[in-house]
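The data block below is run_31.pdb; it holds PDB, C-alpha atoms.
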```
ATOM      1  CA  MET Q   1     -14.394  -4.518  22.328  1.00  0.00           C
ATOM      2  CA  ARG Q   2     -13.493  -1.776  19.838  1.00  0.00           C
ATOM      3  CA  VAL Q   3     -10.186  -1.105  18.078  1.00  0.00           C
ATOM      4  CA  LEU Q   4      -9.357   2.070  16.143  1.00  0.00           C
ATOM      5  CA  PHE Q   5      -6.272   2.368  13.931  1.00  0.00           C
ATOM      6  CA  VAL Q   6      -4.978   5.904  13.399  1.00  0.00           C
ATOM      7  CA  CYS Q   7      -2.613   7.415  10.832  1.00  0.00           C
ATOM      8  CA  LEU Q   8      -2.295  10.852   9.270  1.00  0.00           C
ATOM      9  CA  GLY Q   9      -4.753  10.770   6.361  1.00  0.00           C
ATOM     10  CA  ASN Q  10      -6.500   7.379   6.669  1.00  0.00           C
ATOM     11  CA  ILE Q  11      -5.706   6.280   3.117  1.00  0.00           C
ATOM     12  CA  CYS Q  12      -2.584   4.100   3.495  1.00  0.00           C
ATOM     13  CA  ARG Q  13      -1.497   2.694   6.848  1.00  0.00           C
ATOM     14  CA  SER Q  14      -4.584   2.723   9.059  1.00  0.00           C
ATOM     15  CA  PRO Q  15      -6.990   1.278   6.458  1.00  0.00           C
ATOM     16  CA  THR Q  16      -4.404  -1.408   5.703  1.00  0.00           C
ATOM     17  CA  ALA Q  17      -4.224  -2.197   9.415  1.00  0.00           C
ATOM     18  CA  GLU Q  18      -8.028  -2.260   9.603  1.00  0.00           C
ATOM     19  CA  GLY Q  19      -8.313  -4.675   6.687  1.00  0.00           C
ATOM     20  CA  VAL Q  20      -5.555  -7.021   7.859  1.00  0.00           C
ATOM     21  CA  PHE Q  21      -6.779  -7.010  11.457  1.00  0.00           C
ATOM     22  CA  ARG Q  22     -10.388  -7.617  10.392  1.00  0.00           C
ATOM     23  CA  GLN Q  23      -9.288 -10.620   8.316  1.00  0.00           C
ATOM     24  CA  GLN Q  24      -7.271 -12.026  11.213  1.00  0.00           C
ATOM     25  CA  LEU Q  25     -10.190 -11.509  13.611  1.00  0.00           C
ATOM     26  CA  GLU Q  26     -12.402 -13.567  11.314  1.00  0.00           C
ATOM     27  CA  ALA Q  27      -9.796 -16.329  11.114  1.00  0.00           C
ATOM     28  CA  ALA Q  28      -9.511 -16.309  14.918  1.00  0.00           C
ATOM     29  CA  GLY Q  29     -13.294 -16.505  15.353  1.00  0.00           C
ATOM     30  CA  LEU Q  30     -13.419 -13.139  17.128  1.00  0.00           C
ATOM     31  CA  SER Q  31     -15.114 -10.955  14.518  1.00  0.00           C
ATOM     32  CA  GLU Q  32     -18.438 -11.044  16.374  1.00  0.00           C
ATOM     33  CA  ARG Q  33     -16.825  -9.745  19.566  1.00  0.00           C
ATOM     34  CA  VAL Q  34     -14.461  -7.062  18.260  1.00  0.00           C
ATOM     35  CA  GLU Q  35     -15.333  -3.995  16.173  1.00  0.00           C
ATOM     36  CA  VAL Q  36     -12.631  -2.457  13.981  1.00  0.00           C
ATOM     37  CA  ASP Q  37     -12.338   0.986  12.405  1.00  0.00           C
ATOM     38  CA  SER Q  38      -9.671   3.378  11.189  1.00  0.00           C
ATOM     39  CA  CYS Q  39      -9.324   7.128  10.911  1.00  0.00           C
ATOM     40  CA  GLY Q  40      -6.902   9.932  10.221  1.00  0.00           C
ATOM     41  CA  ILE Q  41      -5.667  12.792  12.339  1.00  0.00           C
ATOM     42  CA  ALA Q  42      -6.090  15.163   9.368  1.00  0.00           C
ATOM     43  CA  ALA Q  43      -9.216  15.744   7.270  1.00  0.00           C
ATOM     44  CA  TRP Q  44      -7.505  15.933   3.860  1.00  0.00           C
ATOM     45  CA  HIS Q  45      -8.926  12.686   2.481  1.00  0.00           C
ATOM     46  CA  VAL Q  46     -12.297  12.380   4.254  1.00  0.00           C
ATOM     47  CA  GLY Q  47     -14.670  10.267   2.176  1.00  0.00           C
ATOM     48  CA  LYS Q  48     -11.962   8.942  -0.143  1.00  0.00           C
ATOM     49  CA  ALA Q  49     -11.069   5.309  -0.744  1.00  0.00           C
ATOM     50  CA  PRO Q  50      -7.667   3.982   0.320  1.00  0.00           C
ATOM     51  CA  ASP Q  51      -4.688   4.825  -1.873  1.00  0.00           C
ATOM     52  CA  PRO Q  52      -4.838   2.549  -4.957  1.00  0.00           C
ATOM     53  CA  ARG Q  53      -1.325   1.277  -4.214  1.00  0.00           C
ATOM     54  CA  ALA Q  54      -2.364   0.242  -0.698  1.00  0.00           C
ATOM     55  CA  HIS Q  55      -5.481  -1.422  -2.066  1.00  0.00           C
ATOM     56  CA  GLU Q  56      -3.545  -3.308  -4.751  1.00  0.00           C
ATOM     57  CA  ALA Q  57      -0.864  -4.522  -2.324  1.00  0.00           C
ATOM     58  CA  ALA Q  58      -3.545  -5.668   0.121  1.00  0.00           C
ATOM     59  CA  MET Q  59      -5.517  -7.439  -2.626  1.00  0.00           C
ATOM     60  CA  GLN Q  60      -2.367  -9.379  -3.561  1.00  0.00           C
ATOM     61  CA  ARG Q  61      -2.589 -10.839  -0.046  1.00  0.00           C
ATOM     62  CA  GLY Q  62      -6.313 -11.441  -0.127  1.00  0.00           C
ATOM     63  CA  VAL Q  63      -7.274  -8.359   1.897  1.00  0.00           C
ATOM     64  CA  ASP Q  64      -9.960  -6.166   0.311  1.00  0.00           C
ATOM     65  CA  LEU Q  65      -9.897  -2.501   1.339  1.00  0.00           C
ATOM     66  CA  GLY Q  66     -12.403  -1.463  -1.337  1.00  0.00           C
ATOM     67  CA  SER Q  67     -15.320  -0.671   0.964  1.00  0.00           C
ATOM     68  CA  LEU Q  68     -13.298   1.524   3.335  1.00  0.00           C
ATOM     69  CA  ARG Q  69     -13.545   5.317   3.266  1.00  0.00           C
ATOM     70  CA  ALA Q  70     -11.353   7.823   5.061  1.00  0.00           C
ATOM     71  CA  ARG Q  71     -12.655   9.699   8.052  1.00  0.00           C
ATOM     72  CA  GLN Q  72     -11.162  12.026  10.615  1.00  0.00           C
ATOM     73  CA  LEU Q  73     -10.670  11.226  14.291  1.00  0.00           C
ATOM     74  CA  ALA Q  74     -13.698  12.319  16.334  1.00  0.00           C
ATOM     75  CA  ALA Q  75     -13.847  13.244  20.014  1.00  0.00           C
ATOM     76  CA  GLY Q  76     -16.266  10.371  20.668  1.00  0.00           C
ATOM     77  CA  ASP Q  77     -13.708   7.826  19.460  1.00  0.00           C
ATOM     78  CA  PHE Q  78     -11.817   8.182  22.729  1.00  0.00           C
ATOM     79  CA  LEU Q  79     -14.834   7.068  24.743  1.00  0.00           C
ATOM     80  CA  ARG Q  80     -16.158   4.431  22.318  1.00  0.00           C
ATOM     81  CA  CYS Q  81     -12.917   2.546  21.736  1.00  0.00           C
ATOM     82  CA  ASP Q  82     -10.874   0.224  23.915  1.00  0.00           C
ATOM     83  CA  TYR Q  83      -7.741   0.654  21.787  1.00  0.00           C
ATOM     84  CA  LEU Q  84      -6.616   3.687  19.781  1.00  0.00           C
ATOM     85  CA  LEU Q  85      -3.481   2.572  17.971  1.00  0.00           C
ATOM     86  CA  ALA Q  86      -1.254   5.043  16.174  1.00  0.00           C
ATOM     87  CA  MET Q  87       0.984   4.194  13.253  1.00  0.00           C
ATOM     88  CA  ASP Q  88       3.726   6.639  14.273  1.00  0.00           C
ATOM     89  CA  ARG Q  89       4.842   8.916  17.094  1.00  0.00           C
ATOM     90  CA  ALA Q  90       3.428  12.059  15.468  1.00  0.00           C
ATOM     91  CA  ASN Q  91      -0.015  10.417  15.326  1.00  0.00           C
ATOM     92  CA  LEU Q  92       0.418   9.204  18.905  1.00  0.00           C
ATOM     93  CA  SER Q  93       1.305  12.706  20.057  1.00  0.00           C
ATOM     94  CA  ALA Q  94      -1.816  14.082  18.357  1.00  0.00           C
ATOM     95  CA  LEU Q  95      -3.918  11.411  20.075  1.00  0.00           C
ATOM     96  CA  HIS Q  96      -2.484  12.332  23.475  1.00  0.00           C
ATOM     97  CA  GLU Q  97      -3.146  16.032  22.808  1.00  0.00           C
ATOM     98  CA  GLN Q  98      -6.809  15.332  22.001  1.00  0.00           C
ATOM     99  CA  ARG Q  99      -7.369  12.613  24.602  1.00  0.00           C
ATOM    100  CA  PRO Q 100     -10.022  13.600  27.147  1.00  0.00           C
ATOM    101  CA  ALA Q 101      -9.308  13.117  30.849  1.00  0.00           C
ATOM    102  CA  ASP Q 102     -11.993  10.431  31.176  1.00  0.00           C
ATOM    103  CA  CYS Q 103     -10.603   8.265  28.347  1.00  0.00           C
ATOM    104  CA  ARG Q 104      -9.884   4.748  29.610  1.00  0.00           C
ATOM    105  CA  ALA Q 105      -8.765   3.323  26.284  1.00  0.00           C
ATOM    106  CA  HIS Q 106      -5.281   2.015  25.604  1.00  0.00           C
ATOM    107  CA  VAL Q 107      -3.641   4.700  23.462  1.00  0.00           C
ATOM    108  CA  GLY Q 108      -0.311   3.634  22.000  1.00  0.00           C
ATOM    109  CA  LEU Q 109       1.755   2.601  19.005  1.00  0.00           C
ATOM    110  CA  PHE Q 110       0.384  -0.324  17.008  1.00  0.00           C
ATOM    111  CA  LEU Q 111       3.774  -1.960  16.497  1.00  0.00           C
ATOM    112  CA  ASP Q 112       4.198  -2.361  20.255  1.00  0.00           C
ATOM    113  CA  PHE Q 113       1.990  -5.445  19.776  1.00  0.00           C
ATOM    114  CA  ALA Q 114       4.560  -6.949  17.405  1.00  0.00           C
ATOM    115  CA  GLY Q 115       7.304  -6.724  19.997  1.00  0.00           C
ATOM    116  CA  HIS Q 116       8.726  -3.613  18.314  1.00  0.00           C
ATOM    117  CA  ALA Q 117       8.367  -1.186  21.222  1.00  0.00           C
ATOM    118  CA  GLY Q 118       8.540   2.376  19.986  1.00  0.00           C
ATOM    119  CA  ARG Q 119       8.859   1.409  16.312  1.00  0.00           C
ATOM    120  CA  GLU Q 120       6.695   3.180  13.748  1.00  0.00           C
ATOM    121  CA  VAL Q 121       4.834   1.952  10.690  1.00  0.00           C
ATOM    122  CA  PRO Q 122       6.540   4.061   7.991  1.00  0.00           C
ATOM    123  CA  ASP Q 123       4.321   6.153   5.741  1.00  0.00           C
ATOM    124  CA  PRO Q 124       4.539   4.660   2.225  1.00  0.00           C
ATOM    125  CA  TYR Q 125       2.672   7.515   0.531  1.00  0.00           C
ATOM    126  CA  TYR Q 126       5.674   9.140  -1.187  1.00  0.00           C
ATOM    127  CA  GLY Q 127       7.560   5.914  -1.881  1.00  0.00           C
ATOM    128  CA  GLY Q 128       7.258   2.920  -4.151  1.00  0.00           C
ATOM    129  CA  GLU Q 129       5.457  -0.402  -4.000  1.00  0.00           C
ATOM    130  CA  GLN Q 130       7.955  -1.888  -1.542  1.00  0.00           C
ATOM    131  CA  GLY Q 131       6.780   0.580   1.108  1.00  0.00           C
ATOM    132  CA  PHE Q 132       3.252  -0.809   0.915  1.00  0.00           C
ATOM    133  CA  GLU Q 133       4.578  -4.359   1.206  1.00  0.00           C
ATOM    134  CA  GLU Q 134       6.533  -3.374   4.316  1.00  0.00           C
ATOM    135  CA  VAL Q 135       3.393  -1.847   5.843  1.00  0.00           C
ATOM    136  CA  LEU Q 136       1.529  -5.104   5.215  1.00  0.00           C
ATOM    137  CA  ASP Q 137       4.295  -7.150   6.845  1.00  0.00           C
ATOM    138  CA  LEU Q 138       4.397  -4.898   9.903  1.00  0.00           C
ATOM    139  CA  VAL Q 139       0.640  -4.668  10.442  1.00  0.00           C
ATOM    140  CA  ASP Q 140       0.315  -8.426   9.960  1.00  0.00           C
ATOM    141  CA  ALA Q 141       2.763  -9.068  12.805  1.00  0.00           C
ATOM    142  CA  ALA Q 142       1.224  -6.429  15.082  1.00  0.00           C
ATOM    143  CA  SER Q 143      -2.292  -7.718  14.357  1.00  0.00           C
ATOM    144  CA  ARG Q 144      -1.302 -11.175  15.557  1.00  0.00           C
ATOM    145  CA  GLY Q 145       0.031  -9.769  18.819  1.00  0.00           C
ATOM    146  CA  LEU Q 146      -3.028  -7.595  19.347  1.00  0.00           C
ATOM    147  CA  ILE Q 147      -5.370 -10.515  18.728  1.00  0.00           C
ATOM    148  CA  GLU Q 148      -3.573 -12.519  21.406  1.00  0.00           C
ATOM    149  CA  GLU Q 149      -3.962  -9.686  23.916  1.00  0.00           C
ATOM    150  CA  ILE Q 150      -7.633  -9.223  23.055  1.00  0.00           C
ATOM    151  CA  ARG Q 151      -8.267 -12.959  23.264  1.00  0.00           C
ATOM    152  CA  GLN Q 152      -6.775 -12.987  26.770  1.00  0.00           C
ATOM    153  CA  ARG Q 153      -8.854  -9.971  27.820  1.00  0.00           C
ATOM    154  CA  LEU Q 154     -12.039 -11.519  26.465  1.00  0.00           C
ATOM    155  CA  GLU Q 155     -11.326 -14.839  28.187  1.00  0.00           C
ATOM    156  CA  ALA Q 156     -10.747 -13.007  31.480  1.00  0.00           C
ATOM    157  CA  GLN Q 157     -14.138 -11.267  31.283  1.00  0.00           C
ATOM    158  CA  PRO Q 158     -16.981 -12.941  33.145  1.00  0.00           C
ATOM    159  CA  SER Q 159     -19.533 -14.484  30.776  1.00  0.00           C
TER     160      SER Q 159
END
```
Mind converting the file's structure to structure tokens?
Amino acid sequence: MRVLFVCLGNICRSPTAEGVFRQQLEAAGLSERVEVDSCGIAAWHVGKAPDPRAHEAAMQRGVDLGSLRARQLAAGDFLRCDYLLAMDRANLSALHEQRPADCRAHVGLFLDFAGHAGREVPDPYYGGEQGFEEVLDLVDAASRGLIEEIRQRLEAQPS
């Protein structure tokens, strides 16, 4: 199973989601069965590390984003991934515009898995430290919901 988190530039929200989700997968004993990645709709930051503020906020919670590097969404992502999860409606719209007809992946908003249907993960880029803390809180809750769905899907698959 493959999960891809998507935001605009892949330096704040989606790498934070990747790091938090990866940590929760390990704690749930699912890291060997689920691959995780993140990307951006835009190419502005390709090859760059996550925003230092995102990295610092994540480190305060024991999540290391240091090895992650930004990349842009690729056409093959739609066929490789089981979930493409957008941080906001603009990202979701871009995903739907680029989605090929033969894509069978779940394409939706990440926070739907936290019981916040239609809610967005706000972009903290132009704000202060509190914005990065809010992102961490939101992606933590959504990660827990997504792990439960994935666990159920994996248990339903024949061995």
Length of the atom CA of Q:Gln157 to atom CA of Q:Cys103 vector [Å]: 20.1 Å
Among listed residues Q:Gly76, Q:Gly108, Q:Gly29, Q:Gly9, nearest Q:His45 (using all atoms listed in the file):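 Residue with the minimum atom-to-atom distance to Q:His45: Q:Gly9.
Atom pair atom CA of Q:Phe5 / atom CA of Q:Asp51: separated by 16.1 Å.
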Using all atoms listed in the file, which protein or nucleic acid residues come within 9 Å of Q:Val6? Drop anything in the same chain fewer than 4 positions from it, and give the result as a PDB file with C-alpha atoms, in the frame of the given file.
```
ATOM      1  CA  ASN Q  10      -6.500   7.379   6.669  1.00  0.00           C
ATOM      2  CA  ARG Q  13      -1.497   2.694   6.848  1.00  0.00           C
ATOM      3  CA  SER Q  14      -4.584   2.723   9.059  1.00  0.00           C
ATOM      4  CA  PRO Q  15      -6.990   1.278   6.458  1.00  0.00           C
ATOM      5  CA  ASP Q  37     -12.338   0.986  12.405  1.00  0.00           C
ATOM      6  CA  SER Q  38      -9.671   3.378  11.189  1.00  0.00           C
ATOM      7  CA  CYS Q  39      -9.324   7.128  10.911  1.00  0.00           C
ATOM      8  CA  GLY Q  40      -6.902   9.932  10.221  1.00  0.00           C
ATOM      9  CA  ILE Q  41      -5.667  12.792  12.339  1.00  0.00           C
ATOM     10  CA  LEU Q  73     -10.670  11.226  14.291  1.00  0.00           C
ATOM     11  CA  LEU Q  84      -6.616   3.687  19.781  1.00  0.00           C
ATOM     12  CA  LEU Q  85      -3.481   2.572  17.971  1.00  0.00           C
ATOM     13  CA  ALA Q  86      -1.254   5.043  16.174  1.00  0.00           C
ATOM     14  CA  MET Q  87       0.984   4.194  13.253  1.00  0.00           C
ATOM     15  CA  ASP Q  88       3.726   6.639  14.273  1.00  0.00           C
ATOM     16  CA  ASN Q  91      -0.015  10.417  15.326  1.00  0.00           C
ATOM     17  CA  LEU Q  92       0.418   9.204  18.905  1.00  0.00           C
ATOM     18  CA  LEU Q  95      -3.918  11.411  20.075  1.00  0.00           C
ATOM     19  CA  PHE Q 110       0.384  -0.324  17.008  1.00  0.00           C
TER      20      PHE Q 110
END
```
Residues within 8 Å of Q:Phe132, only C-alpha atoms, excluding chain neighbours under 5 positions, as an NGL selection string: :Q and (53-54 or 57 or 124)
Box along x, y and z, 8 Å on every side, all listed atoms of stretch 75-80 of chain Q inside: centre and edge lengths in Å to one decimal, as lines of an AutoDock Vina configuration file.
```
center_x = -14.0
center_y = 8.8
center_z = 22.1
size_x = 20.4
size_y = 24.8
size_z = 21.3
```
The PyMOL selection byres ((chain Q and resi 2) around 7) applied to the shown file, residues as a list in words: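 Here the PyMOL selection byres ((chain Q and resi 2) around 7) matches Met1, Val3, Leu4, Val34, Glu35, Val36, Cys81, Asp82 and Tyr83 of chain Q.
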One-decimal distance in Å that lies between atom CA of Q:Val63 and atom CA of Q:Arg89: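 A separation of 26.0 Å between them.
Near Q:Leu138, within 8 Å and counting all atoms listed in the file, sit Leu111, Ala114 and Val121 of chain Q, not including residues fewer than 6 positions from it in the same chain.
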Selection result of the PyMOL selection byres ((chain Q and resi 55) around 12) on this file, as an mmCIF file with C-alpha atoms, in the coordinates of the input:
```cif
data_model
loop_
_atom_site.group_PDB
_atom_site.id
_atom_site.type_symbol
_atom_site.label_atom_id
_atom_site.label_comp_id
_atom_site.auth_asym_id
_atom_site.auth_seq_id
_atom_site.Cartn_x
_atom_site.Cartn_y
_atom_site.Cartn_z
ATOM 1 C CA ILE Q 11 -5.706 6.280 3.117
ATOM 2 C CA CYS Q 12 -2.584 4.100 3.495
ATOM 3 C CA ARG Q 13 -1.497 2.694 6.848
ATOM 4 C CA SER Q 14 -4.584 2.723 9.059
ATOM 5 C CA PRO Q 15 -6.990 1.278 6.458
ATOM 6 C CA THR Q 16 -4.404 -1.408 5.703
ATOM 7 C CA ALA Q 17 -4.224 -2.197 9.415
ATOM 8 C CA GLU Q 18 -8.028 -2.260 9.603
ATOM 9 C CA GLY Q 19 -8.313 -4.675 6.687
ATOM 10 C CA VAL Q 20 -5.555 -7.021 7.859
ATOM 11 C CA ALA Q 49 -11.069 5.309 -0.744
ATOM 12 C CA PRO Q 50 -7.667 3.982 0.320
ATOM 13 C CA ASP Q 51 -4.688 4.825 -1.873
ATOM 14 C CA PRO Q 52 -4.838 2.549 -4.957
ATOM 15 C CA ARG Q 53 -1.325 1.277 -4.214
ATOM 16 C CA ALA Q 54 -2.364 0.242 -0.698
ATOM 17 C CA GLU Q 56 -3.545 -3.308 -4.751
ATOM 18 C CA ALA Q 57 -0.864 -4.522 -2.324
ATOM 19 C CA ALA Q 58 -3.545 -5.668 0.121
ATOM 20 C CA MET Q 59 -5.517 -7.439 -2.626
ATOM 21 C CA GLN Q 60 -2.367 -9.379 -3.561
ATOM 22 C CA ARG Q 61 -2.589 -10.839 -0.046
ATOM 23 C CA GLY Q 62 -6.313 -11.441 -0.127
ATOM 24 C CA VAL Q 63 -7.274 -8.359 1.897
ATOM 25 C CA ASP Q 64 -9.960 -6.166 0.311
ATOM 26 C CA LEU Q 65 -9.897 -2.501 1.339
ATOM 27 C CA GLY Q 66 -12.403 -1.463 -1.337
ATOM 28 C CA SER Q 67 -15.320 -0.671 0.964
ATOM 29 C CA LEU Q 68 -13.298 1.524 3.335
ATOM 30 C CA ARG Q 69 -13.545 5.317 3.266
ATOM 31 C CA GLU Q 129 5.457 -0.402 -4.000
ATOM 32 C CA PHE Q 132 3.252 -0.809 0.915
ATOM 33 C CA GLU Q 133 4.578 -4.359 1.206
ATOM 34 C CA VAL Q 135 3.393 -1.847 5.843
ATOM 35 C CA LEU Q 136 1.529 -5.104 5.215
#
```
Expansion of the PyMOL selection byres ((chain Q and resi 28) around 12) into residues, as a ChimeraX atom specification: /Q:21-27,29-34,143-144,146-148,150-151
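Using all atoms listed in the file, the shortest contact distance between Q:Arg119 and any of Q:His106, Q:Ala90, Q:Pro100, Q:Ala42 is found at Q:Ala90.
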